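Worksheet: one structure, shown below.
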Amino acid sequence: VVHLDGVVVARPLQGRGIGTALLDDFCARMANENASVVKTHFFLRQFCLPRGFQVDRRWGGLVRFLEAANEEKRN
């Protein structure tokens, strides 16, 4: 399990998909390191939910499960 504290993109560069690219790259790198979950805060909901995260009160925040990425890598 890894914790993502946030993604920051300079204001003039926002809206170009850079944040999504950074998040996807981070999740891919964590999957390559055999992490199975990326966890983050509820306050990132608007950014994270459309990008594969879900509310999971059991984990106490938003989570994105990476098992699928690990399975694809093995096949």
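Residues in the structure tokens are named by chain (A, B, ... in the order shown) and by number from 1 within that chain; ligands are numbered from 1 in the order shown.
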
Apply DSSP to the backbone of this structure and, from chain A, keep only the residues in alpha helix (DSSP H); write these as a CSV table (one decimal) with all heavy atoms, in the first residue's frame.
chain,number,residue,atom,x,y,z
A,18,ILE,N,-1.8,17.0,-17.6
A,18,ILE,CA,-0.6,16.7,-17.0
A,18,ILE,C,-0.8,16.0,-15.7
A,18,ILE,O,-0.1,15.0,-15.3
A,18,ILE,CB,0.3,18.0,-16.8
A,18,ILE,CG1,0.7,18.5,-18.2
A,18,ILE,CG2,1.5,17.7,-16.0
A,18,ILE,CD1,1.2,19.9,-18.1
A,19,GLY,N,-1.8,16.4,-14.9
A,19,GLY,CA,-2.1,15.8,-13.6
A,19,GLY,C,-2.5,14.3,-13.8
A,19,GLY,O,-2.0,13.4,-13.0
A,20,THR,N,-3.3,14.1,-14.8
A,20,THR,CA,-3.7,12.7,-15.0
A,20,THR,C,-2.5,11.9,-15.5
A,20,THR,O,-2.4,10.7,-15.0
A,20,THR,CB,-4.8,12.7,-16.1
A,20,THR,OG1,-6.0,13.4,-15.7
A,20,THR,CG2,-5.2,11.3,-16.5
A,21,ALA,N,-1.7,12.4,-16.3
A,21,ALA,CA,-0.5,11.7,-16.8
A,21,ALA,C,0.4,11.4,-15.6
A,21,ALA,O,0.9,10.2,-15.5
A,21,ALA,CB,0.2,12.5,-17.8
A,22,LEU,N,0.6,12.3,-14.7
A,22,LEU,CA,1.4,12.1,-13.5
A,22,LEU,C,0.8,11.0,-12.6
A,22,LEU,O,1.6,10.1,-12.1
A,22,LEU,CB,1.6,13.4,-12.7
A,22,LEU,CG,2.5,14.5,-13.3
A,22,LEU,CD1,2.3,15.8,-12.5
A,22,LEU,CD2,3.9,14.0,-13.3
A,23,LEU,N,-0.5,11.1,-12.4
A,23,LEU,CA,-1.1,10.1,-11.6
A,23,LEU,C,-1.0,8.7,-12.2
A,23,LEU,O,-0.7,7.7,-11.5
A,23,LEU,CB,-2.6,10.5,-11.3
A,23,LEU,CG,-3.4,9.5,-10.5
A,23,LEU,CD1,-2.8,9.4,-9.1
A,23,LEU,CD2,-4.9,9.9,-10.5
A,24,ASP,N,-1.3,8.6,-13.5
A,24,ASP,CA,-1.2,7.3,-14.1
A,24,ASP,C,0.2,6.7,-14.1
A,24,ASP,O,0.4,5.5,-13.9
A,24,ASP,CB,-1.7,7.4,-15.6
A,24,ASP,CG,-3.3,7.6,-15.7
A,24,ASP,OD1,-3.9,7.3,-14.6
A,24,ASP,OD2,-3.7,8.0,-16.7
A,25,ASP,N,1.2,7.6,-14.3
A,25,ASP,CA,2.5,7.1,-14.3
A,25,ASP,C,2.9,6.7,-12.9
A,25,ASP,O,3.6,5.6,-12.7
A,25,ASP,CB,3.5,8.3,-14.7
A,25,ASP,CG,4.9,7.8,-14.7
A,25,ASP,OD1,5.3,6.9,-15.5
A,25,ASP,OD2,5.7,8.3,-13.8
A,26,PHE,N,2.5,7.4,-11.9
A,26,PHE,CA,2.8,7.0,-10.5
A,26,PHE,C,2.1,5.6,-10.2
A,26,PHE,O,2.8,4.8,-9.6
A,26,PHE,CB,2.2,8.1,-9.5
A,26,PHE,CG,2.4,7.7,-8.1
A,26,PHE,CD1,3.6,7.8,-7.5
A,26,PHE,CD2,1.3,7.2,-7.3
A,26,PHE,CE1,3.8,7.5,-6.1
A,26,PHE,CE2,1.4,6.9,-6.0
A,26,PHE,CZ,2.7,7.0,-5.4
A,27,CYS,N,0.9,5.4,-10.6
A,27,CYS,CA,0.2,4.2,-10.3
A,27,CYS,C,0.9,3.0,-11.1
A,27,CYS,O,1.0,1.9,-10.5
A,27,CYS,CB,-1.3,4.3,-10.7
A,27,CYS,SG,-2.2,5.3,-9.5
A,28,ALA,N,1.3,3.3,-12.3
A,28,ALA,CA,2.0,2.2,-13.1
A,28,ALA,C,3.3,1.9,-12.4
A,28,ALA,O,3.7,0.7,-12.3
A,28,ALA,CB,2.3,2.7,-14.5
A,29,ARG,N,4.1,2.9,-11.9
A,29,ARG,CA,5.3,2.6,-11.2
A,29,ARG,C,5.1,1.8,-9.9
A,29,ARG,O,5.9,0.9,-9.6
A,29,ARG,CB,6.1,3.9,-10.9
A,29,ARG,CG,6.6,4.6,-12.2
A,29,ARG,CD,7.2,6.0,-11.8
A,29,ARG,NE,7.6,6.7,-13.0
A,29,ARG,CZ,8.9,6.7,-13.4
A,29,ARG,NH1,9.8,6.1,-12.7
A,29,ARG,NH2,9.2,7.4,-14.5
A,30,MET,N,4.1,2.2,-9.2
A,30,MET,CA,3.8,1.5,-8.0
A,30,MET,C,3.4,0.0,-8.2
A,30,MET,O,3.7,-0.9,-7.5
A,30,MET,CB,2.7,2.2,-7.1
A,30,MET,CG,3.2,3.6,-6.6
A,30,MET,SD,4.6,3.5,-5.6
A,30,MET,CE,5.9,4.0,-6.8
A,31,ALA,N,2.6,-0.2,-9.3
A,31,ALA,CA,2.2,-1.5,-9.7
A,31,ALA,C,3.5,-2.4,-10.1
A,31,ALA,O,3.6,-3.5,-9.7
A,31,ALA,CB,1.2,-1.5,-10.9
A,32,ASN,N,4.4,-1.7,-10.7
A,32,ASN,CA,5.7,-2.4,-11.1
A,32,ASN,C,6.5,-2.7,-9.8
A,32,ASN,O,7.3,-3.6,-9.9
A,32,ASN,CB,6.5,-1.5,-12.0
A,32,ASN,CG,6.0,-1.5,-13.4
A,32,ASN,OD1,5.3,-2.5,-13.8
A,32,ASN,ND2,6.2,-0.5,-14.2
A,45,ARG,N,-11.1,14.1,-3.9
A,45,ARG,CA,-12.2,13.4,-4.6
A,45,ARG,C,-12.5,13.8,-6.0
A,45,ARG,O,-12.5,13.0,-6.9
A,45,ARG,CB,-13.4,13.5,-3.7
A,45,ARG,CG,-14.6,12.7,-4.2
A,45,ARG,CD,-15.8,13.0,-3.3
A,45,ARG,NE,-15.5,12.8,-1.9
A,45,ARG,CZ,-16.2,12.2,-1.0
A,45,ARG,NH1,-17.3,11.6,-1.4
A,45,ARG,NH2,-15.8,12.1,0.2
A,46,GLN,N,-12.6,15.1,-6.2
A,46,GLN,CA,-13.0,15.6,-7.5
A,46,GLN,C,-11.9,15.2,-8.6
A,46,GLN,O,-12.3,15.0,-9.7
A,46,GLN,CB,-13.1,17.1,-7.5
A,46,GLN,CG,-13.7,17.7,-8.8
A,46,GLN,CD,-13.9,19.2,-8.6
A,46,GLN,OE1,-13.6,19.8,-7.6
A,46,GLN,NE2,-14.4,19.8,-9.7
A,47,PHE,N,-10.7,15.2,-8.2
A,47,PHE,CA,-9.6,14.8,-9.2
A,47,PHE,C,-9.5,13.3,-9.3
A,47,PHE,O,-9.4,12.8,-10.4
A,47,PHE,CB,-8.3,15.4,-8.7
A,47,PHE,CG,-7.1,15.0,-9.6
A,47,PHE,CD1,-6.9,15.5,-10.8
A,47,PHE,CD2,-6.2,14.1,-9.1
A,47,PHE,CE1,-5.9,15.1,-11.6
A,47,PHE,CE2,-5.1,13.7,-9.9
A,47,PHE,CZ,-5.0,14.2,-11.2
A,48,CYS,N,-9.6,12.6,-8.2
A,48,CYS,CA,-9.3,11.1,-8.2
A,48,CYS,C,-10.4,10.2,-8.7
A,48,CYS,O,-10.2,9.2,-9.3
A,48,CYS,CB,-8.8,10.7,-6.8
A,48,CYS,SG,-7.2,11.4,-6.4
A,67,GLU,N,-4.3,-4.3,-8.5
A,67,GLU,CA,-4.2,-5.7,-8.8
A,67,GLU,C,-4.3,-5.9,-10.3
A,67,GLU,O,-3.6,-6.7,-10.9
A,67,GLU,CB,-5.2,-6.5,-8.0
A,67,GLU,CG,-4.8,-6.8,-6.6
A,67,GLU,CD,-5.7,-6.1,-5.7
A,67,GLU,OE1,-5.9,-4.9,-5.8
A,67,GLU,OE2,-6.2,-6.8,-4.8
A,68,ALA,N,-5.2,-5.2,-10.9
A,68,ALA,CA,-5.4,-5.4,-12.4
A,68,ALA,C,-4.2,-5.1,-13.2
A,68,ALA,O,-3.8,-5.8,-14.1
A,68,ALA,CB,-6.6,-4.6,-12.9
A,69,ALA,N,-3.5,-4.1,-12.8
A,69,ALA,CA,-2.2,-3.7,-13.4
A,69,ALA,C,-1.2,-4.8,-13.2
A,69,ALA,O,-0.4,-5.2,-14.1
A,69,ALA,CB,-1.7,-2.4,-12.9
A,70,ASN,N,-1.1,-5.4,-12.0
A,70,ASN,CA,-0.2,-6.4,-11.7
A,70,ASN,C,-0.5,-7.7,-12.5
A,70,ASN,O,0.3,-8.4,-13.0
A,70,ASN,CB,-0.2,-6.8,-10.2
A,70,ASN,CG,0.6,-5.7,-9.4
A,70,ASN,OD1,1.4,-5.0,-9.9
A,70,ASN,ND2,0.2,-5.5,-8.2
A,71,GLU,N,-1.8,-8.0,-12.7
A,71,GLU,CA,-2.3,-9.1,-13.4
A,71,GLU,C,-1.9,-9.0,-14.9
A,71,GLU,O,-1.4,-9.9,-15.6
A,71,GLU,CB,-3.8,-9.4,-13.3
A,71,GLU,CG,-4.2,-9.9,-12.0
A,71,GLU,CD,-3.5,-11.3,-11.7
A,71,GLU,OE1,-3.5,-12.1,-12.6
A,71,GLU,OE2,-3.1,-11.5,-10.5
A,72,GLU,N,-2.1,-7.8,-15.5
A,72,GLU,CA,-1.8,-7.5,-16.9
A,72,GLU,C,-0.3,-7.7,-17.1
A,72,GLU,O,0.1,-8.3,-18.1
A,72,GLU,CB,-2.2,-6.1,-17.3
A,72,GLU,CG,-3.7,-5.9,-17.4
A,72,GLU,CD,-4.0,-4.4,-17.6
A,72,GLU,OE1,-3.1,-3.7,-18.0
A,72,GLU,OE2,-5.2,-4.1,-17.4
A,73,LYS,N,0.5,-7.3,-16.2
A,73,LYS,CA,2.0,-7.4,-16.3
A,73,LYS,C,2.4,-8.9,-16.4
A,73,LYS,O,3.3,-9.3,-17.1
A,73,LYS,CB,2.6,-6.7,-15.1
A,73,LYS,CG,4.1,-6.6,-15.2
A,73,LYS,CD,4.6,-5.7,-14.1
A,73,LYS,CE,4.4,-6.4,-12.8
A,73,LYS,NZ,5.0,-5.7,-11.6
A,74,ARG,N,1.7,-9.8,-15.6
A,74,ARG,CA,2.0,-11.2,-15.6
A,74,ARG,C,1.6,-11.9,-16.8
A,74,ARG,O,2.2,-12.9,-17.2
A,74,ARG,CB,1.4,-11.8,-14.4
A,74,ARG,CG,2.0,-11.4,-13.1
A,74,ARG,CD,1.3,-12.1,-11.9
A,74,ARG,NE,1.6,-11.4,-10.7
A,74,ARG,CZ,0.7,-11.0,-9.9
A,74,ARG,NH1,-0.6,-11.2,-10.1
A,74,ARG,NH2,1.0,-10.3,-8.8

In stretch 29-69 of chain A, what's strand (DSSP E or B) per DSSP? Answer as a VMD selection string? chain A and resid 37 to 40 54 to 56 61 to 65

Those residues with N, CA and C atoms, as a short mmCIF file (atom, residue, chain, number, x, y, z; two decimals), in the first residue's frame please?
data_model
loop_
_atom_site.label_atom_id
_atom_site.label_comp_id
_atom_site.auth_asym_id
_atom_site.auth_seq_id
_atom_site.Cartn_x
_atom_site.Cartn_y
_atom_site.Cartn_z
N VAL A 37 -2.35 -1.19 -3.75
CA VAL A 37 -3.31 -0.13 -3.44
C VAL A 37 -2.59 1.21 -3.36
N VAL A 38 -3.21 2.23 -3.99
CA VAL A 38 -2.79 3.61 -3.79
C VAL A 38 -3.91 4.27 -3.01
N LYS A 39 -3.56 4.86 -1.89
CA LYS A 39 -4.53 5.49 -0.99
C LYS A 39 -4.27 6.98 -0.96
N THR A 40 -5.34 7.77 -0.89
CA THR A 40 -5.19 9.22 -0.78
C THR A 40 -6.34 9.78 0.05
N GLN A 54 -11.84 5.09 -5.80
CA GLN A 54 -13.18 4.94 -5.24
C GLN A 54 -13.13 5.24 -3.75
N VAL A 55 -14.27 5.69 -3.22
CA VAL A 55 -14.37 5.94 -1.79
C VAL A 55 -14.38 4.59 -1.09
N ASP A 56 -13.51 4.45 -0.11
CA ASP A 56 -13.46 3.20 0.66
C ASP A 56 -13.25 3.58 2.12
N GLY A 61 -10.26 6.65 3.14
CA GLY A 61 -9.97 7.63 2.10
C GLY A 61 -10.37 7.12 0.75
N LEU A 62 -9.74 7.65 -0.25
CA LEU A 62 -9.95 7.20 -1.62
C LEU A 62 -8.86 6.18 -1.95
N VAL A 63 -9.24 5.13 -2.64
CA VAL A 63 -8.26 4.10 -3.01
C VAL A 63 -8.38 3.75 -4.49
N ARG A 64 -7.27 3.37 -5.04
CA ARG A 64 -7.21 2.82 -6.40
C ARG A 64 -6.49 1.50 -6.28
N PHE A 65 -7.20 0.44 -6.62
CA PHE A 65 -6.63 -0.90 -6.54
C PHE A 65 -5.81 -1.19 -7.79
#

Distance of atom CA of A:Val8 from atom CA of A:Arg58, expressed in Å to one decimal place: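 Distance between the two atoms: 26.5 Å.
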
Measure the distance from atom CA of A:Arg57 to atom CA of A:Gly6 in Å and round it to one decimal. 18.8 Å

For atom CA of A:Gly60 and atom CA of A:Phe42, determine how far apart the two atoms are, in Å to one decimal place.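 Distance between the two atoms: 8.3 Å.
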